[in-house]
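Chemist: The structure that follows is given in the form of structure tokens.
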Amino acid sequence: MCQLMGMNCNTPTDFTFSFKGFARRGGETDKHEHGWGLAIYEGRGLRTFHDPLPAAKSRIADFVSQYPIQTLNMMAHIRYATQGTVSLENVHPFQREMWGIQWSFAHNGEVPKFTGKDFKKFPRLGRCKELFYYPVGETDSEAVFCAILNALRAEFPILPTLPNLYETIQRLCAEIVEGEEDTTILNFLLGCGKFTQFAYSWPGKRPGSKVWNGLFYTIRKPPFATATLKDVDYAVDFTTCTNPNDRVAVIATAPLTSNEEWREFKKGELLMFDNGWGYSELYDCHEVEQQGRGLVSNNMPKQCGGCPQAQSGFNAPTLLRNLVDEYFREQGQADSSSSSSSSLEDKYPSFNAK
């Protein structure tokens, strides 16, 4: 099957190191030789490169691996064709505009619900009643991408907040897998602007294959060290080319380096990457939203509020503030800064003062 690589950063960073090793898997150290592509966010724009040639032999890939384009958010894909011809229209990442935002998508796996049919006969996800986005090529991957966008477009007449977007994408992924849990392999990267990238994994192996298709990620942060690529004899000492505040999350189908700690996604796990971190809690998504790093569009108004729980009467930030206020009222202390965090934790063990 295919392989994925994504990168999300808190400061503009070039991806040449990771891509140098990743591209070798496109026909040299591995068999993914049916095309490759890149999607790189630059402000509100999306710079893309696509080539149906093997990445390891592509002059375009060689150029990109030596050209230090800096970005906060990017993804790459190398293809091993299991559906659709070896042609430019079937090369990932795919892209579409929605709500005045450039969306991008790359996938590894097989999705039986979106295989071998006319697109109009595929299941419609969520609240989707009519189709707006259609695939150009022949892959189940692009069909899934269009189905997700059609569902999001039907769900939200205005820009959703990150917690609402996270919750909805999680639900759509469950719909795609439901009823085909044993035969579906769904690993994808979904970019929705310059800040944010979602990554989802429903891993597995094709019948008769020993190759495990999942997702891994690592976060490069201080204290930095030397990283060594697996697929090419190349290493970089990041202590010499980073700043103390830099942080980079790298996502890949299989670990790209031999001496970094990589964490495998759990089955069915959805992570939202922003600012170089991976988030899976709606409260964390809300905090990212409050920092002004949600969806950005010049043409669409945005939802007010943050966490979906607030709509159902459960608002974590408010509850925590109420707990603190109640504690200090009982202690008869007006100035919360004068109390120790240990006393608060003794009374409310679930509250972790930071």
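Each chain in the structure tokens gets a letter, A, B and so on, in the order shown; residues start at 1 in every chain, and ligands are counted from 1 in the order they appear.
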Can you tell me, as a ChimeraX atom specification, what residues are no more than 10 Å from Gly43 of chain A when counting only C-alpha atoms, ignoring any on the same chain fewer than 4 positions away?
Modeler: /A:71-73,193-195
Chemist: List every residue of segment 24-44 of chain A that has an atom at most 12 Å from any atom of segment 86-94 of chain A, giving for each one its closest atom pair and the distance in Å to one decimal, counting only C-alpha atoms, sorted by chain and then by ascending residue number, as CSV.
Modeler:
residue,atom,partner,partner_atom,distance
A:His32,CA,A:Val86,CA,11.4
A:Glu33,CA,A:Val86,CA,9.5
A:His34,CA,A:Val86,CA,5.8
A:Gly35,CA,A:Val91,CA,6.0
A:Trp36,CA,A:Val91,CA,6.2
A:Gly37,CA,A:His92,CA,5.6
A:Leu38,CA,A:Pro93,CA,6.4
A:Ala39,CA,A:Pro93,CA,6.4
A:Ile40,CA,A:Pro93,CA,10.1
Chemist: Create the file for the chosen residues now, containing N, CA and C atoms and written as a tab-separated table (two decimals), in the first residue's frame.
Modeler:
chain	number	residue	atom	x	y	z
A	32	HIS	N	6.96	1.54	-3.17
A	32	HIS	CA	5.91	2.53	-3.43
A	32	HIS	C	6.33	3.44	-4.60
A	33	GLU	N	6.23	2.92	-5.79
A	33	GLU	CA	6.83	3.57	-6.97
A	33	GLU	C	5.81	4.07	-7.98
A	34	HIS	N	4.54	4.24	-7.56
A	34	HIS	CA	3.49	4.61	-8.51
A	34	HIS	C	3.08	6.07	-8.39
A	35	GLY	N	4.02	6.91	-8.00
A	35	GLY	CA	3.77	8.34	-7.92
A	35	GLY	C	3.94	8.86	-6.51
A	36	TRP	N	4.07	10.16	-6.41
A	36	TRP	CA	4.25	10.81	-5.12
A	36	TRP	C	3.70	12.23	-5.20
A	37	GLY	N	3.45	12.82	-4.03
A	37	GLY	CA	2.94	14.18	-4.01
A	37	GLY	C	3.22	14.86	-2.68
A	38	LEU	N	3.16	16.19	-2.71
A	38	LEU	CA	3.38	17.04	-1.53
A	38	LEU	C	2.31	18.13	-1.50
A	39	ALA	N	1.87	18.49	-0.31
A	39	ALA	CA	1.00	19.65	-0.13
A	39	ALA	C	1.58	20.47	1.02
A	40	ILE	N	1.90	21.73	0.75
A	40	ILE	CA	2.62	22.58	1.70
A	40	ILE	C	1.81	23.86	1.90
Chemist: Hey, what's within 9 Å of Tyr166 of chain A if we count only C-alpha atoms and toss same-chain stuff fewer than 6 positions away? As a compact mmCIF listing (two decimals) with N, CA, C and O atoms, in the first residue's frame, please?
Modeler:
# COMPACT_ATOMS: atom_id res chain seq x y z
N PHE A 198 -5.35 16.99 10.83
CA PHE A 198 -5.91 15.85 11.53
C PHE A 198 -5.28 14.57 10.99
O PHE A 198 -5.03 14.45 9.79
N LEU A 270 -7.97 9.45 16.61
CA LEU A 270 -7.89 10.68 15.83
C LEU A 270 -7.12 11.71 16.63
O LEU A 270 -7.44 11.97 17.79
N LEU A 271 -6.07 12.27 16.02
CA LEU A 271 -5.30 13.33 16.67
C LEU A 271 -5.39 14.60 15.83
O LEU A 271 -5.32 14.55 14.60
N MET A 272 -5.54 15.71 16.50
CA MET A 272 -5.48 17.01 15.85
C MET A 272 -4.10 17.61 16.16
O MET A 272 -3.75 17.83 17.32
N SER A 280 -6.09 15.11 21.51
CA SER A 280 -7.21 14.18 21.33
C SER A 280 -8.37 14.48 22.27
O SER A 280 -9.38 13.79 22.24
N LEU A 282 -11.31 17.18 23.66
CA LEU A 282 -12.05 18.35 23.19
C LEU A 282 -11.67 19.60 23.97
O LEU A 282 -11.64 20.70 23.41
N CYS A 285 -8.64 20.97 22.32
CA CYS A 285 -9.02 21.61 21.05
C CYS A 285 -9.61 23.00 21.32
O CYS A 285 -9.35 23.95 20.57
Chemist: Give me, as a PyMOL selection string, the residues of segment 187-319 of chain A that a backbone DSSP run labels strand (DSSP E or B).
Modeler: chain A and resi 187-192+196-202+204+213+216-220+226-229+235-237+248-252+257+263-264+269-274+277-279+302
Chemist: Can you list, as a count of residues only, every protein, DNA or RNA residue that comes within 10 Å of Lys205 of chain A when you count only C-alpha atoms, leaving out same-chain residues fewer than 4 positions away?
Modeler: 13
Chemist: Run DSSP on the backbone and give me the residues of segment 116-230 of chain A it puts in helix (DSSP H, G or I), as a ChimeraX atom specification.
Modeler: /A:119-121,140-155,162-177
Chemist: Could you check which of A:Asn259, A:Ser141, A:Thr115, A:Gln70 is closest to Gln95 of chain A, using only C-alpha atoms?
Modeler: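 With only C-alpha atoms as the atom set, the closest residue is A:Ser141.
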Chemist: Nearest residue to Leu229 of chain A out of A:Asp274, A:Thr196, A:Thr16, A:Pro123, using only C-alpha atoms?
Modeler: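 Once distances to Leu229 of chain A are computed over only C-alpha atoms, the minimum belongs to A:Thr16.
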